[in-house]
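What's in run-v8.tsv: TSV, C-alpha atoms and all ligand atoms
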chain	number	residue	atom	x	y	z
A	379	MET	CA	-13.05	-0.23	-1.05
A	380	CYS	CA	-11.45	0.71	-4.39
A	381	LYS	CA	-11.61	-2.91	-5.54
A	382	GLN	CA	-15.33	-3.05	-4.65
A	383	ASN	CA	-15.99	0.17	-6.58
A	384	GLY	CA	-14.07	-1.24	-9.55
A	385	SER	CA	-16.14	-4.45	-9.50
A	386	ARG	CA	-19.38	-2.48	-9.24
A	387	SER	CA	-18.43	-0.35	-12.27
A	388	LYS	CA	-17.62	-3.48	-14.28
A	389	ILE	CA	-20.96	-5.12	-13.35
A	390	ILE	CA	-22.86	-1.94	-14.34
A	391	PHE	CA	-20.94	-1.79	-17.64
A	392	LEU	CA	-21.57	-5.48	-18.36
A	393	VAL	CA	-25.30	-5.25	-17.62
A	394	SER	CA	-25.50	-2.12	-19.82
A	395	VAL	CA	-23.78	-3.89	-22.73
A	396	ILE	CA	-26.16	-6.88	-22.41
A	397	GLY	CA	-29.15	-4.51	-22.16
A	398	ILE	CA	-28.17	-2.52	-25.26
A	399	ILE	CA	-27.51	-5.67	-27.32
A	400	ALA	CA	-30.83	-7.24	-26.17
A	401	ILE	CA	-32.93	-4.10	-26.88
A	402	MET	CA	-31.41	-3.64	-30.34
A	403	HIS	CA	-31.72	-7.36	-31.09
A	404	TYR	CA	-35.40	-7.45	-30.03
A	405	LEU	CA	-36.29	-4.26	-31.90
A	406	THR	CA	-34.43	-4.86	-35.17
A	407	PRO	CA	-36.79	-6.59	-37.61
A	408	THR	CA	-35.72	-9.52	-39.79
A	409	GLU	CA	-37.33	-8.04	-42.90
A	410	PRO	CA	-36.16	-6.59	-45.26
A	411	HIS	CA	-32.89	-8.40	-45.90
A	412	SER	CA	-30.65	-5.42	-44.99
A	413	TYR	CA	-32.22	-5.34	-41.49
A	414	HIS	CA	-31.88	-9.09	-41.21
A	415	LYS	CA	-28.09	-8.79	-41.63
A	416	LEU	CA	-28.01	-6.28	-38.74
A	417	HIS	CA	-30.24	-8.62	-36.70
A	418	ILE	CA	-27.79	-11.50	-37.19
A	419	ILE	CA	-24.78	-9.30	-36.26
A	420	LEU	CA	-26.53	-8.22	-33.04
A	421	ARG	CA	-27.19	-11.87	-32.21
A	422	LYS	CA	-23.46	-12.59	-32.56
A	423	LEU	CA	-22.66	-9.76	-30.12
A	424	TYR	CA	-24.17	-11.88	-27.31
A	425	PHE	CA	-20.84	-13.75	-27.37
A	426	LEU	CA	-19.07	-10.66	-26.05
A	427	PRO	CA	-20.48	-10.37	-22.46
A	428	PRO	CA	-19.53	-13.94	-21.36
A	429	VAL	CA	-15.94	-13.33	-22.53
A	430	MET	CA	-15.80	-9.96	-20.74
A	431	ALA	CA	-17.21	-11.52	-17.57
A	432	ALA	CA	-14.64	-14.34	-17.79
A	433	ALA	CA	-11.78	-11.81	-17.94
A	434	TRP	CA	-13.12	-9.68	-15.08
A	435	PHE	CA	-14.77	-12.20	-12.74
A	436	GLY	CA	-13.50	-15.65	-13.74
A	437	LEU	CA	-15.52	-18.82	-14.25
A	438	ARG	CA	-18.34	-17.98	-11.83
A	439	GLY	CA	-18.99	-14.56	-13.39
A	440	ALA	CA	-18.81	-16.06	-16.88
A	441	CYS	CA	-21.43	-18.73	-16.02
A	442	ILE	CA	-23.83	-16.15	-14.52
A	443	THR	CA	-23.44	-13.94	-17.60
A	444	ALA	CA	-23.82	-16.86	-20.02
A	445	LEU	CA	-27.03	-17.80	-18.17
A	446	GLY	CA	-28.41	-14.25	-18.47
A	447	VAL	CA	-27.54	-14.04	-22.15
A	448	SER	CA	-29.04	-17.51	-22.76
A	449	VAL	CA	-32.36	-16.51	-21.13
A	450	LEU	CA	-32.59	-13.37	-23.30
A	451	PHE	CA	-31.66	-15.32	-26.41
A	452	ILE	CA	-34.12	-18.19	-25.73
A	453	LEU	CA	-36.96	-15.72	-25.07
A	454	HIS	CA	-36.31	-14.06	-28.40
A	455	ALA	CA	-36.01	-17.37	-30.19
A	456	PHE	CA	-39.39	-18.55	-28.81
A	457	LEU	CA	-41.04	-15.27	-29.77
A	458	ASP	CA	-39.83	-15.70	-33.33
A	459	TRP	CA	-39.24	-19.45	-33.63
A	460	PRO	CA	-37.91	-20.21	-37.13
A	461	GLY	CA	-39.69	-22.82	-39.25
A	462	ASN	CA	-36.47	-23.65	-41.05
A	463	TYR	CA	-34.78	-26.71	-39.52
A	464	MET	CA	-31.26	-25.45	-40.38
A	465	GLU	CA	-31.97	-22.10	-38.70
A	466	GLN	CA	-33.25	-23.90	-35.57
A	467	ALA	CA	-29.99	-25.88	-35.41
A	468	ASN	CA	-28.02	-22.68	-35.97
A	469	GLN	CA	-29.73	-20.96	-33.04
A	470	MET	CA	-29.18	-23.96	-30.76
A	471	GLY	CA	-25.49	-23.94	-31.75
A	472	GLU	CA	-25.19	-20.27	-30.82
A	473	LEU	CA	-26.77	-20.95	-27.45
A	474	VAL	CA	-24.14	-23.60	-26.69
A	475	GLY	CA	-21.49	-21.19	-28.04
A	476	PHE	CA	-22.33	-18.56	-25.37
A	477	TRP	CA	-21.42	-21.10	-22.68
A	478	ILE	CA	-18.23	-22.22	-24.41
A	479	ALA	CA	-17.23	-18.56	-24.90
A	480	GLY	CA	-17.67	-17.97	-21.15
A	481	VAL	CA	-16.64	-21.23	-19.50
A	482	ILE	CA	-13.29	-21.88	-21.23
A	483	PRO	CA	-11.82	-18.35	-20.83
A	484	GLY	CA	-13.32	-18.19	-17.30
A	485	TRP	CA	-11.47	-21.35	-16.32
A	486	LEU	CA	-8.24	-20.09	-17.95
A	487	PHE	CA	-8.45	-16.68	-16.27
A	488	ASP	CA	-9.08	-18.33	-12.87
A	489	ARG	CA	-6.05	-20.53	-13.43
A	490	GLN	CA	-3.92	-17.55	-14.43
A	491	ARG	CA	-5.03	-15.62	-11.32
A	492	SER	CA	-4.20	-18.56	-9.12
A	493	LEU	CA	-0.71	-18.90	-10.68
A	494	LEU	CA	-0.07	-15.15	-10.26
A	495	LEU	CA	-1.10	-15.39	-6.60
A	496	ASP	CA	1.28	-18.33	-6.11
A	497	LEU	CA	4.06	-16.29	-7.73
A	498	ALA	CA	3.34	-13.24	-5.55
A	499	HIS	CA	3.33	-15.51	-2.48
A	500	ALA	CA	6.67	-17.06	-3.48
A	501	ASN	CA	8.18	-13.57	-4.04
A	502	GLU	CA	6.97	-12.48	-0.62
A	503	GLU	CA	8.34	-15.58	1.10
A	504	THR	CA	11.73	-14.99	-0.54
A	505	LEU	CA	11.78	-11.37	0.67
A	506	LEU	CA	10.74	-12.43	4.18
A	507	GLY	CA	13.59	-14.95	4.26
A	508	LEU	CA	16.11	-12.30	3.22
A	509	VAL	CA	14.80	-9.73	5.70
A	510	SER	CA	14.70	-12.27	8.56
A	511	ALA	CA	18.36	-13.12	7.89
A	512	LEU	CA	19.32	-9.42	7.97
A	513	ASP	CA	17.31	-8.76	11.14
A	514	LEU	CA	18.91	-11.76	12.78
A	515	ARG	CA	22.41	-10.53	11.89
A	516	GLU	CA	21.87	-7.10	13.43
A	517	HIS	CA	19.40	-7.61	16.26
A	518	ASN	CA	19.58	-11.34	17.00
A	519	THR	CA	15.84	-11.28	16.34
A	520	ARG	CA	13.93	-12.07	13.19
A	521	LEU	CA	10.76	-10.08	13.19
A	522	HIS	CA	11.61	-6.38	13.60
A	523	SER	CA	11.09	-5.57	9.90
A	524	GLN	CA	7.83	-7.51	9.70
A	525	ARG	CA	6.41	-5.67	12.72
A	526	VAL	CA	7.47	-2.33	11.26
A	527	ARG	CA	5.83	-3.27	7.99
A	528	GLU	CA	2.55	-4.06	9.77
A	529	TYR	CA	2.63	-0.82	11.79
A	530	THR	CA	3.37	1.18	8.62
A	531	GLU	CA	0.53	-0.50	6.72
A	532	LEU	CA	-1.82	0.18	9.63
A	533	ILE	CA	-0.96	3.90	9.53
A	534	ALA	CA	-1.42	3.85	5.72
A	535	THR	CA	-4.86	2.25	6.16
A	536	LYS	CA	-5.90	4.96	8.63
A	537	LEU	CA	-4.71	7.60	6.15
A	538	GLY	CA	-6.95	6.07	3.45
A	539	VAL	CA	-4.11	4.92	1.18
A	540	ASP	CA	-5.37	2.53	-1.52
A	541	GLU	CA	-4.48	-1.17	-1.37
A	542	LYS	CA	-1.90	-1.20	-4.18
A	543	VAL	CA	0.06	1.77	-2.81
A	544	LYS	CA	-0.24	0.36	0.71
A	545	ARG	CA	1.33	-2.89	-0.44
A	546	GLU	CA	4.25	-1.00	-2.03
A	547	ILE	CA	4.72	1.04	1.16
A	548	GLY	CA	4.65	-2.24	3.11
A	549	PHE	CA	7.44	-3.68	0.96
A	550	GLY	CA	9.47	-0.49	1.46
A	551	ALA	CA	9.07	-0.79	5.23
A	552	LEU	CA	9.94	-4.49	5.14
A	553	LEU	CA	13.13	-3.91	3.14
A	554	HIS	CA	14.19	-0.61	4.72
A	555	ASP	CA	17.53	-1.83	6.06
A	556	VAL	CA	18.45	-4.22	3.26
A	557	GLY	CA	21.42	-1.94	2.43
A	558	LYS	CA	23.03	-2.88	5.75
A	559	ILE	CA	24.21	-5.99	3.97
A	560	ALA	CA	27.00	-3.71	2.69
A	561	VAL	CA	27.96	-2.51	6.20
A	562	PRO	CA	30.89	-4.49	7.67
A	563	ASP	CA	30.20	-6.52	10.84
A	564	GLN	CA	32.77	-4.57	12.89
A	565	ILE	CA	30.72	-1.40	12.32
A	566	LEU	CA	27.17	-2.81	12.33
A	567	LEU	CA	27.71	-4.94	15.42
A	568	LYS	CA	30.08	-2.63	17.30
A	569	PRO	CA	28.89	-2.45	20.92
A	570	GLY	CA	30.30	1.01	21.64
A	571	LYS	CA	29.98	4.38	19.94
A	572	LEU	CA	30.83	4.66	16.25
A	573	THR	CA	33.64	6.95	15.09
A	574	ASP	CA	32.85	9.68	12.53
A	575	GLN	CA	34.36	7.53	9.81
A	576	GLU	CA	32.25	4.55	10.86
A	577	TRP	CA	29.13	6.73	10.87
A	578	ASP	CA	29.95	7.83	7.32
A	579	GLU	CA	30.04	4.17	6.36
A	580	MET	CA	26.78	3.42	8.21
A	581	ARG	CA	25.01	6.35	6.54
A	582	LYS	CA	25.57	4.78	3.14
A	583	HIS	CA	23.07	1.96	3.80
A	584	PRO	CA	19.91	3.74	2.53
A	585	GLU	CA	21.53	4.35	-0.85
A	586	ALA	CA	23.01	0.84	-0.97
A	587	GLY	CA	19.53	-0.56	-0.22
A	588	TYR	CA	17.96	1.67	-2.88
A	589	ARG	CA	20.40	0.34	-5.49
A	590	ILE	CA	19.54	-3.26	-4.58
A	591	VAL	CA	15.76	-2.83	-4.43
A	592	LYS	CA	15.19	-0.58	-7.47
A	593	ARG	CA	16.50	-3.33	-9.75
A	594	ILE	CA	13.51	-5.52	-8.83
A	595	GLY	CA	10.65	-4.55	-11.15
A	596	PHE	CA	7.72	-4.76	-8.69
A	597	LEU	CA	9.68	-2.95	-5.94
A	598	LYS	CA	10.46	0.33	-7.73
A	599	ASP	CA	8.23	2.42	-5.44
A	600	ALA	CA	9.41	0.54	-2.38
A	601	ALA	CA	12.99	1.52	-3.36
A	602	GLU	CA	12.14	5.20	-2.83
A	603	ILE	CA	11.11	4.42	0.76
A	604	VAL	CA	14.30	2.45	1.35
A	605	TYR	CA	16.30	5.45	0.08
A	606	SER	CA	14.45	7.89	2.35
A	607	HIS	CA	13.92	5.89	5.53
A	608	HIS	CA	16.37	8.00	7.60
A	609	GLU	CA	15.16	11.39	6.35
A	610	GLN	CA	13.58	13.61	8.99
A	611	PHE	CA	10.67	15.99	8.54
A	612	ASP	CA	12.77	19.04	9.53
A	613	GLY	CA	15.53	18.16	7.05
A	614	GLY	CA	17.92	16.85	9.69
A	615	GLY	CA	18.08	13.30	8.36
A	616	TYR	CA	20.25	11.52	5.80
A	617	PRO	CA	21.42	10.70	3.12
A	618	ARG	CA	19.90	13.60	1.13
A	619	GLY	CA	18.63	15.86	3.90
A	620	LEU	CA	15.12	15.90	2.38
A	621	LYS	CA	12.57	18.05	4.16
A	622	GLY	CA	8.79	17.94	4.74
A	623	LYS	CA	6.69	16.69	1.86
A	624	SER	CA	9.72	16.11	-0.37
A	625	ILE	CA	10.21	12.93	1.71
A	626	PRO	CA	8.06	10.15	0.17
A	627	PHE	CA	4.81	9.80	2.15
A	628	GLY	CA	5.46	6.10	2.78
A	629	ALA	CA	8.87	6.93	4.32
A	630	ARG	CA	7.22	9.47	6.64
A	631	MET	CA	4.81	6.76	7.82
A	632	PHE	CA	7.67	4.30	8.19
A	633	MET	CA	9.66	6.70	10.43
A	634	VAL	CA	6.93	6.72	13.07
A	635	ALA	CA	6.39	2.95	12.85
A	636	ASP	CA	10.13	2.21	13.11
A	637	VAL	CA	10.66	4.41	16.17
A	638	TYR	CA	7.54	3.00	17.86
A	639	ASP	CA	8.88	-0.53	17.34
A	640	ALA	CA	12.35	0.42	18.60
A	641	LEU	CA	10.89	2.03	21.74
A	642	THR	CA	8.53	-0.84	22.56
A	643	SER	CA	11.05	-3.64	21.87
A	644	GLU	CA	13.46	-5.20	24.33
A	645	ARG	CA	17.02	-3.85	24.06
A	646	PRO	CA	20.14	-5.12	25.91
A	647	TYR	CA	20.50	-1.73	27.63
A	648	ARG	CA	16.82	-1.06	28.55
A	649	SER	CA	13.38	-2.57	29.03
A	650	PRO	CA	10.65	-2.06	26.43
A	651	MET	CA	8.56	1.10	26.90
A	652	LYS	CA	4.82	0.92	27.53
A	653	TYR	CA	2.48	2.36	24.87
A	654	ASP	CA	1.89	5.65	26.73
A	655	GLU	CA	5.60	6.39	27.13
A	656	ALA	CA	6.35	5.55	23.49
A	657	ALA	CA	3.37	7.63	22.28
A	658	ALA	CA	4.55	10.62	24.36
A	659	GLU	CA	8.05	10.25	22.91
A	660	ILE	CA	6.70	10.23	19.35
A	661	LYS	CA	4.37	13.16	20.02
A	662	GLY	CA	7.36	15.13	21.36
A	663	GLN	CA	9.11	14.78	18.00
A	664	SER	CA	6.11	15.69	15.85
A	665	GLY	CA	7.20	18.33	13.33
A	666	SER	CA	10.92	17.71	13.96
A	667	HIS	CA	11.61	14.03	13.26
A	668	PHE	CA	8.10	13.15	12.15
A	669	ASP	CA	5.35	14.45	9.86
A	670	PRO	CA	2.65	15.87	12.23
A	671	VAL	CA	-0.16	14.42	10.05
A	672	VAL	CA	1.34	10.94	10.41
A	673	VAL	CA	1.88	11.40	14.15
A	674	ASP	CA	-1.76	12.49	14.68
A	675	THR	CA	-2.97	9.51	12.65
A	676	PHE	CA	-0.72	7.14	14.58
A	677	LEU	CA	-1.86	8.47	17.95
A	678	ALA	CA	-5.51	7.98	16.91
A	679	ILE	CA	-4.93	4.23	16.40
A	680	PRO	CA	-6.29	2.25	19.37
A	681	PRO	CA	-3.25	0.86	21.27
A	682	GLU	CA	-4.83	-2.63	21.22
A	683	GLN	CA	-4.38	-2.76	17.42
A	684	LEU	CA	-0.66	-2.01	17.77
A	685	GLN	CA	-0.28	-4.47	20.63
A	686	GLU	CA	-2.03	-7.16	18.58
A	687	ILE	CA	0.64	-6.76	15.85
A	688	SER	CA	3.37	-6.88	18.46
A	689	ARG	CA	1.90	-10.11	19.88
A	690	ARG	CA	1.61	-11.68	16.43
A	691	TYR	CA	5.26	-10.99	15.66
A	692	GLN	CA	6.87	-11.79	19.00
A	693	ASP	CA	10.66	-11.71	18.67
A	694	GLN	CA	12.47	-14.80	19.77
A	695	SER	CA	16.23	-15.06	20.11
A	696	LEU	CA	17.51	-17.98	18.10
A	701	FE	FE	18.24	2.07	8.45
Rewrite the structure of this file - the entire thing - as structure tokens.
Ligand SMILES: [Fe+2]
Amino acid sequence: MCKQNGSRSKIIFLVSVIGIIAIMHYLTPTEPHSYHKLHIILRKLYFLPPVMAAAWFGLRGACITALGVSVLFILHAFLDWPGNYMEQANQMGELVGFWIAGVIPGWLFDRQRSLLLDLAHANEETLLGLVSALDLREHNTRLHSQRVREYTELIATKLGVDEKVKREIGFGALLHDVGKIAVPDQILLKPGKLTDQEWDEMRKHPEAGYRIVKRIGFLKDAAEIVYSHHEQFDGGGYPRGLKGKSIPFGARMFMVADVYDALTSERPYRSPMKYDEAAAEIKGQSGSHFDPVVVDTFLAIPPEQLQEISRRYQDQSL
């Protein structure tokens, strides 16, 4: 939605710039000489819109803009066709120039966008590989973190979070337990109850994860979610005992998503819960473990949407 609004604003701005240049160009006379100089400068400004369109919309947008500018320019040229052969050649050259000014940057910007997308895709694949390895170590499954990410992003969508922030929240959810890499196997994989000392060790993983993730430039906001993913709305969580809205909003969304996934996933000691049971469990902890606004939003999501995510990311023991 935000992206669409941004594109609409750019189109309106571009059309306005073309309109202002065209009106001033048509109305500025070529006599006397001082006006003629202004007339020529205005004509050169037609180069600007194709370059702007190339930067904002790529090759296609640049071609459409160059076409619009060419039509306006040709109309003016025919209305006031110069007798001078050199001036005719000059005007033809400018016409070709509008297309060169649009097409070459348009192609380059498209290429740059495509390379950036490839880079973002490669970054994501690397993170997914890392998270799958960590999930596999702890749960003997690979897809817990990816499901939790999808559930968290779905809640964020319902709360009207914009795309960029939603993506950062998604990365935070995906990487929430990355700090468990620092937890020794004998604690992380211990089948029985943990001792107090072992719990102390386990409770260090949000901070360990935060230290790992915050060093990666594009994951700075995600790091805050990693740090806060065991905080509870009533202040009973760890490591900092944050309360209410002092817990990052993304972490409050994550808490609900994580518990829903834990309840509805197969565990060695119990069968997965059905949606209704899990929803009742989450509702029962609204205001204590969970932010009530997030719980209400989560409960308003049609169960089929959650089940579709669960189906897409079916865990398989390897
Ligand atoms: Fe954790």
Per residue of chain A within 7 Å of ligand FE 701 (chain A), which atom pair is closest and at what distance in Å (one decimal), using only C-alpha atoms and all ligand atoms, listed by chain and increasing number, as a Markdown table?
| residue | atom | partner | partner_atom | distance |
| --- | --- | --- | --- | --- |
| A:His554 | CA | A:FE701 | FE | 6.1 |
| A:Asp555 | CA | A:FE701 | FE | 4.6 |
| A:His583 | CA | A:FE701 | FE | 6.7 |
| A:Pro584 | CA | A:FE701 | FE | 6.4 |
| A:His607 | CA | A:FE701 | FE | 6.5 |
| A:His608 | CA | A:FE701 | FE | 6.3 |
Can those selected residues be exported to a file as a short mmCIF file (atom, residue, chain, number, x, y, z; two decimals), in the coordinates of the input so that it contains C-alpha atoms?
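Here's the written file part-v4.cif:
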data_model
loop_
_atom_site.label_atom_id
_atom_site.label_comp_id
_atom_site.auth_asym_id
_atom_site.auth_seq_id
_atom_site.Cartn_x
_atom_site.Cartn_y
_atom_site.Cartn_z
CA HIS A 554 14.19 -0.61 4.72
CA ASP A 555 17.53 -1.83 6.06
CA HIS A 583 23.07 1.96 3.80
CA PRO A 584 19.91 3.74 2.53
CA HIS A 607 13.92 5.89 5.53
CA HIS A 608 16.37 8.00 7.60
#
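Minimum distance to Pro569 of chain A across A:Leu423, A:Glu516, A:Glu409, A:Leu416 (counting only C-alpha atoms) occurs at A:Glu516.
Atom CA of Tyr638 of chain A lies 7.6 Å from atom CA of Ala657 of chain A.
If only C-alpha atoms are the atoms counted, then among A:Gln466, A:Ile478, A:Val449, A:Lys652 the closest residue to Pro428 of chain A is A:Ile478.
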Applying 9 Å and all atoms listed in the file, which residues near Val447 of chain A remain after dropping the ones on its own chain fewer than 6 positions away? List them as a PyMOL selection string. chain A and resi 396+400+424-425+427-428+473+476
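If only C-alpha atoms are the atoms counted, then among A:Phe632, A:Tyr647, A:Trp577, A:Phe391 the closest residue to Gln524 of chain A is A:Phe632.
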Can you tell me, as a PyMOL selection string, which residues sit within 12 Å of (-33.4, -13.5, -40.4) in the file's frame, using all atoms listed in the file? chain A and resi 403+406-421+455+458-462+465-466+468-469
Would you work out the distance separating atom CA of Gly480 of chain A from atom CA of Lys388 of chain A, expressed in Å to one decimal? 16.0 Å
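For the pair atom CA of Gly507 of chain A and atom CA of Ser523 of chain A, the interatomic distance is 11.2 Å.
Nearest-residue note for Arg589 of chain A: choosing from A:Gly397, A:Gly557, A:Pro617, A:Pro670, the minimum distance belongs to A:Gly557, counting only C-alpha atoms.
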Extract, using all atoms listed in the file, all DNA, RNA and protein residues at most 10 Å from Ile687 of chain A, discarding same-chain residues fewer than 3 positions from it, and format them as a ChimeraX atom specification. /A:524-526,528-529,532,682-684,690-692
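Residues of protein, DNA or RNA having at least one counted atom within 10 Å of (8.7, 10.9, -2.9), given all atoms listed in the file, are Asp599, Glu602, Ile603, Tyr605, Ser606, Leu620, Lys623, Ser624, Ile625, Pro626, Phe627, Gly628, Ala629 and Arg630 of chain A.
By all atoms listed in the file, and with residues fewer than 4 positions from Asp612 of chain A along its chain excluded, the set lying at most 10 Å from it is Gly619, Leu620, Lys621, Gly622, Ser664, Gly665, Ser666, His667, Phe668 and Asp669 of chain A.
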Please report, as JSON, the centre and edge lengths in Å to one decimal of an axis-aligned box covering all listed atoms of segment 528-533 of chain A with 5 Å per side.
{"center_x": 0.8, "center_y": -0.1, "center_z": 9.3, "size_x": 15.2, "size_y": 18.0, "size_z": 15.1}
Shell around Phe435 of chain A at 9 Å using only C-alpha atoms, local window under 2 positions removed, as a VMD selection string: chain A and resid 385 430 to 433 437 to 440 484 487 to 488
Dump C-alpha atoms for the selected residues as a compact mmCIF listing (two decimals), in the frame of the given file?
# COMPACT_ATOMS: atom_id res chain seq x y z
CA SER A 385 -16.14 -4.45 -9.50
CA MET A 430 -15.80 -9.96 -20.74
CA ALA A 431 -17.21 -11.52 -17.57
CA ALA A 432 -14.64 -14.34 -17.79
CA ALA A 433 -11.78 -11.81 -17.94
CA LEU A 437 -15.52 -18.82 -14.25
CA ARG A 438 -18.34 -17.98 -11.83
CA GLY A 439 -18.99 -14.56 -13.39
CA ALA A 440 -18.81 -16.06 -16.88
CA GLY A 484 -13.32 -18.19 -17.30
CA PHE A 487 -8.45 -16.68 -16.27
CA ASP A 488 -9.08 -18.33 -12.87
